[in-house]
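Q: I have a structure I would like to understand better, so I am pasting it below and will then ask my questions one at a time.
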Amino acid sequence: MEVVWALGQVGAVWVAVVLGLIMLPSALGISLGISEAYMWVLVKTLEWATIRLQKGAKKPQPQMPRTPTANGIIERDETPMEKEIALLHRADFEFSHIFYFCRKGFEAIVDDEVTQRFSSEELLSWNLLTRTNVNFHYISLRLTVVWVIGVVVRYCFLLPLRFSLAAIGITSMIVGTTVVGQLPNGSVKNYLSEVVHLTCSRILVRALSGTIHYHNKENRPQKGGICVANHTSPIDAIILTNDGCYAMVGQVHGGLMGIIQRATVKACPHVWFERSEIKDRHLVTKRLREHVADKSKLPILIFPEGTCINNTSVMMFKKGSFEIGGTIYPVAIKYDPQFGDAFWNSSKYSIVSYLLRIMTSWAIVCNVWYLPPMVRKEDEDAVQFANRVRSAIARQGGLTELPWDGGLKRAKVKDTFKEEQQKNYSKMLVRNGSVG
């Protein structure tokens, strides 16, 4: 009997802490300073661990820069194909000309610039979290003790707390949007829908121990527009909806995600497509244009890359989002990998495994930049407009801009890419007089 009473007391205290110190401030959009204090202790601990590593290692380990570079393991010569081949010959074709393609092939096999974007970025110093091939925590006894304490804190305190907040946030989202969805369409329903979405998103961000810095808020997406952003993680949407409401676009799912979709669409005009509809480009474009044409509806949130990239680069934006028309509001998202790896490698981890890794990390820290709105120029096609928006996001976020399709994560290179290189080479031969 005493054990049951004790468990009841512990449960009551736990509920009081979750509701009073975290959930209520999150719903009101205020901070009690707990997150700031936690981050201060965390930063000091990681700085101390880095110093211990430098003292204990045979060679000093360099400090991790704030924006890690994406240097490969080989030194590349970025000379264009036309210029490099021109140096190999004067007029006629020679077998030595194939050396350019051989070298590029070897470079791609050893360290290509595409597939490495689909794996977690490397850290230059240990953050008491990252799994590596080196047992850093054996360098000193103190570091081992701190690492063990960190494991206990993350799995025995933070994980249950974050799971509780996530359960509350998801349940509140389903119940709140279902209730609001019963109201007649109008300003009251729209207002309550935005309140529910913002409140639940803030709770879910607290469930990730999220520390988000929003910059240039005067450029936040407006109703009737399209918000496009680089894509690192499924939580990108939560990061953005923590600061404003959006209409989501995606495919209808089953399970828990399907329940959330069916509930939220009753209160907010999200755009969900059936599996058979998502392949119909004309139907998708039509529905999105109808949404954008209504200036009273929330801005659409789209991730044009179509897949998650590892927080170091921005890959090709699919042109469909830029054929709709209307104003584009670019957003750059950059996570700090020192506190946790937000990238989801869907080829390696299931969504459950990924969420477990996220919830057992130290925190999710990121910067969000709202860029000035952009519109398509008269002499600009959809591909050129997409590339211009992508370049702006890459510059602001300090990300590497790559022309490759993120679909290469699961598919082979299209024949059109190969044919394009072959055409370029044949044109060079004709122009140089080697053929004809």
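Ordered as shown in the structure tokens, chains take letters A, B, and onward, while each chain numbers its residues from 1 and ligands are numbered from 1 in the order shown.
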With only C-alpha atoms as the counted atoms, please give the residues lying no more than 12 Å from Gly186 (chain A), apart from itself and same-chain residues fewer than 5 positions off, as a list in words.
A: Val180, Gly181, Tyr191, Leu192, Ser193, Ala267, Cys268, Ser296 and Lys297 of chain A
Q: Counting only C-alpha atoms, give me one row per residue of region 270-308 of chain A with an atom at most 12 Å from an atom of region 381-389 of chain A, showing the shortest contact pair and its distance in Å to one decimal, sorted by chain then residue number, as JSON lines.
A:
```
{"residue": "A:Phe303", "atom": "CA", "partner": "A:Ala386", "partner_atom": "CA", "distance": 11.7}
{"residue": "A:Pro304", "atom": "CA", "partner": "A:Ala386", "partner_atom": "CA", "distance": 8.8}
{"residue": "A:Glu305", "atom": "CA", "partner": "A:Ala386", "partner_atom": "CA", "distance": 10.5}
```
Q: Can you check which residues of region 144-240 of chain A DSSP gives as strand (DSSP E) on the backbone and send them as a ChimeraX atom specification?
A: /A:210-215,226-229
Q: For Ile309 (chain A), please output as JSON, numbers by chain all residues within 8 Å (counting only C-alpha atoms; exclusion window: fewer than 6 positions along the same chain).
A: {"A": [117, 118, 231, 232, 233, 315, 343, 406]}
Q: Closest to Asp243 (chain A) among A:Ala363, A:Ile328, A:Val284, A:Cys200, using only C-alpha atoms?
A: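 Of A:Ala363, A:Ile328, A:Val284, A:Cys200, the one nearest Asp243 (chain A), counting only C-alpha atoms, is A:Cys200.
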Q: Select, from A:Glu274, A:Leu198, A:Arg357, A:Ile34, the residue with the minimum atom-to-atom distance to Ile238 (chain A), counting only C-alpha atoms.
A: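 Among the listed residues, the smallest separation from Ile238 (chain A) belongs to A:Leu198.
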Q: Among region 150-329 of chain A, which residues carry a DSSP assignment of alpha helix (DSSP H), reported as JSON, numbers by chain?
A: {"A": [150, 151, 152, 153, 159, 160, 161, 162, 163, 164, 165, 166, 167, 168, 169, 170, 171, 172, 173, 174, 175, 176, 177, 178, 179, 180, 187, 188, 189, 190, 191, 192, 193, 194, 195, 196, 197, 198, 199, 200, 201, 202, 203, 204, 205, 206, 207, 236, 237, 238, 239, 240, 241, 255, 256, 257, 258, 259, 260, 261, 262, 263, 264, 265, 266, 267, 281, 282, 283, 284, 285, 286, 287, 288, 289, 290, 291, 292, 293]}
Q: Might you pull out every residue within 12 Å of region 251-257 of chain A, with only C-alpha atoms counted and same-chain residues fewer than 2 positions away left off, and present them as a PyMOL selection string?
A: chain A and resi 167+170-171+173-174+248-249+259-265+270-279+284+351
Q: Taking 5 positions as the minimum chain separation for residues in the same chain, which residues sit within 8 Å of Pro372 (chain A) when counting only C-alpha atoms? Answer as a ChimeraX atom specification.
A: /A:219,329-330
Q: Compile the contact shell of Glu323 (chain A) as a PyMOL selection string: residues with an atom at most 8 Å away, counting only C-alpha atoms, same-chain residues fewer than 2 positions apart removed.
A: chain A and resi 285+319-321+325+382
Q: Can you spit out the residues from that selection as an mmCIF file, in the first residue's frame, using N, CA, C and O atoms?
A:
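Output (selection_34.cif):
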```cif
data_model
loop_
_atom_site.group_PDB
_atom_site.id
_atom_site.type_symbol
_atom_site.label_atom_id
_atom_site.label_comp_id
_atom_site.auth_asym_id
_atom_site.auth_seq_id
_atom_site.Cartn_x
_atom_site.Cartn_y
_atom_site.Cartn_z
ATOM 1 N N THR A 285 -0.749 20.662 -59.060
ATOM 2 C CA THR A 285 -0.552 22.076 -59.373
ATOM 3 C C THR A 285 -1.866 22.848 -59.285
ATOM 4 O O THR A 285 -1.907 23.978 -58.768
ATOM 5 N N LYS A 319 11.135 21.831 -59.689
ATOM 6 C CA LYS A 319 10.536 23.032 -60.254
ATOM 7 C C LYS A 319 9.037 23.154 -60.008
ATOM 8 O O LYS A 319 8.465 24.232 -60.170
ATOM 9 N N GLY A 320 8.377 22.061 -59.622
ATOM 10 C CA GLY A 320 6.925 22.096 -59.467
ATOM 11 C C GLY A 320 6.440 23.177 -58.518
ATOM 12 O O GLY A 320 5.415 23.820 -58.768
ATOM 13 N N SER A 321 7.176 23.404 -57.439
ATOM 14 C CA SER A 321 6.765 24.405 -56.457
ATOM 15 C C SER A 321 6.850 25.815 -57.007
ATOM 16 O O SER A 321 6.198 26.732 -56.483
ATOM 17 N N GLY A 325 3.072 29.893 -59.180
ATOM 18 C CA GLY A 325 2.841 31.332 -59.194
ATOM 19 C C GLY A 325 2.768 31.860 -57.771
ATOM 20 O O GLY A 325 2.861 31.112 -56.797
ATOM 21 N N ALA A 382 10.749 28.251 -64.642
ATOM 22 C CA ALA A 382 10.605 27.708 -63.290
ATOM 23 C C ALA A 382 11.930 27.166 -62.752
ATOM 24 O O ALA A 382 12.225 27.312 -61.556
#
```
Q: Within 8 Å of His213 (chain A), counting only C-alpha atoms, which residues qualify if same-chain residues fewer than 4 places away don't, as a PyMOL selection string?
A: chain A and resi 366-368
Q: For the residues in the current selection, export all heavy atoms as a JSON list (two decimals), in the first residue's frame.
A:
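Here's the written file selection.json:
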```json
[["chain", "number", "residue", "atom", "x", "y", "z"],
["A", 366, "CYS", "N", 19.07, 25.36, -33.43],
["A", 366, "CYS", "CA", 19.15, 25.73, -34.84],
["A", 366, "CYS", "C", 18.86, 27.22, -35.02],
["A", 366, "CYS", "O", 18.31, 27.88, -34.13],
["A", 366, "CYS", "CB", 18.19, 24.90, -35.68],
["A", 366, "CYS", "SG", 16.46, 25.31, -35.47],
["A", 367, "ASN", "N", 19.27, 27.72, -36.17],
["A", 367, "ASN", "CA", 18.99, 29.09, -36.60],
["A", 367, "ASN", "C", 18.06, 29.05, -37.79],
["A", 367, "ASN", "O", 18.22, 28.22, -38.69],
["A", 367, "ASN", "CB", 20.29, 29.81, -36.97],
["A", 367, "ASN", "CG", 21.12, 30.18, -35.76],
["A", 367, "ASN", "OD1", 20.86, 31.18, -35.10],
["A", 367, "ASN", "ND2", 22.12, 29.36, -35.45],
["A", 368, "VAL", "N", 17.09, 29.95, -37.80],
["A", 368, "VAL", "CA", 16.15, 30.07, -38.90],
["A", 368, "VAL", "C", 16.20, 31.50, -39.42],
["A", 368, "VAL", "O", 16.02, 32.45, -38.65],
["A", 368, "VAL", "CB", 14.71, 29.72, -38.45],
["A", 368, "VAL", "CG1", 13.72, 29.95, -39.58],
["A", 368, "VAL", "CG2", 14.64, 28.28, -37.96]]
```
Q: What gap, in Å, lies between CA of Leu46 (chain A) and CA of Ser119 (chain A)?
A: 23.5 Å
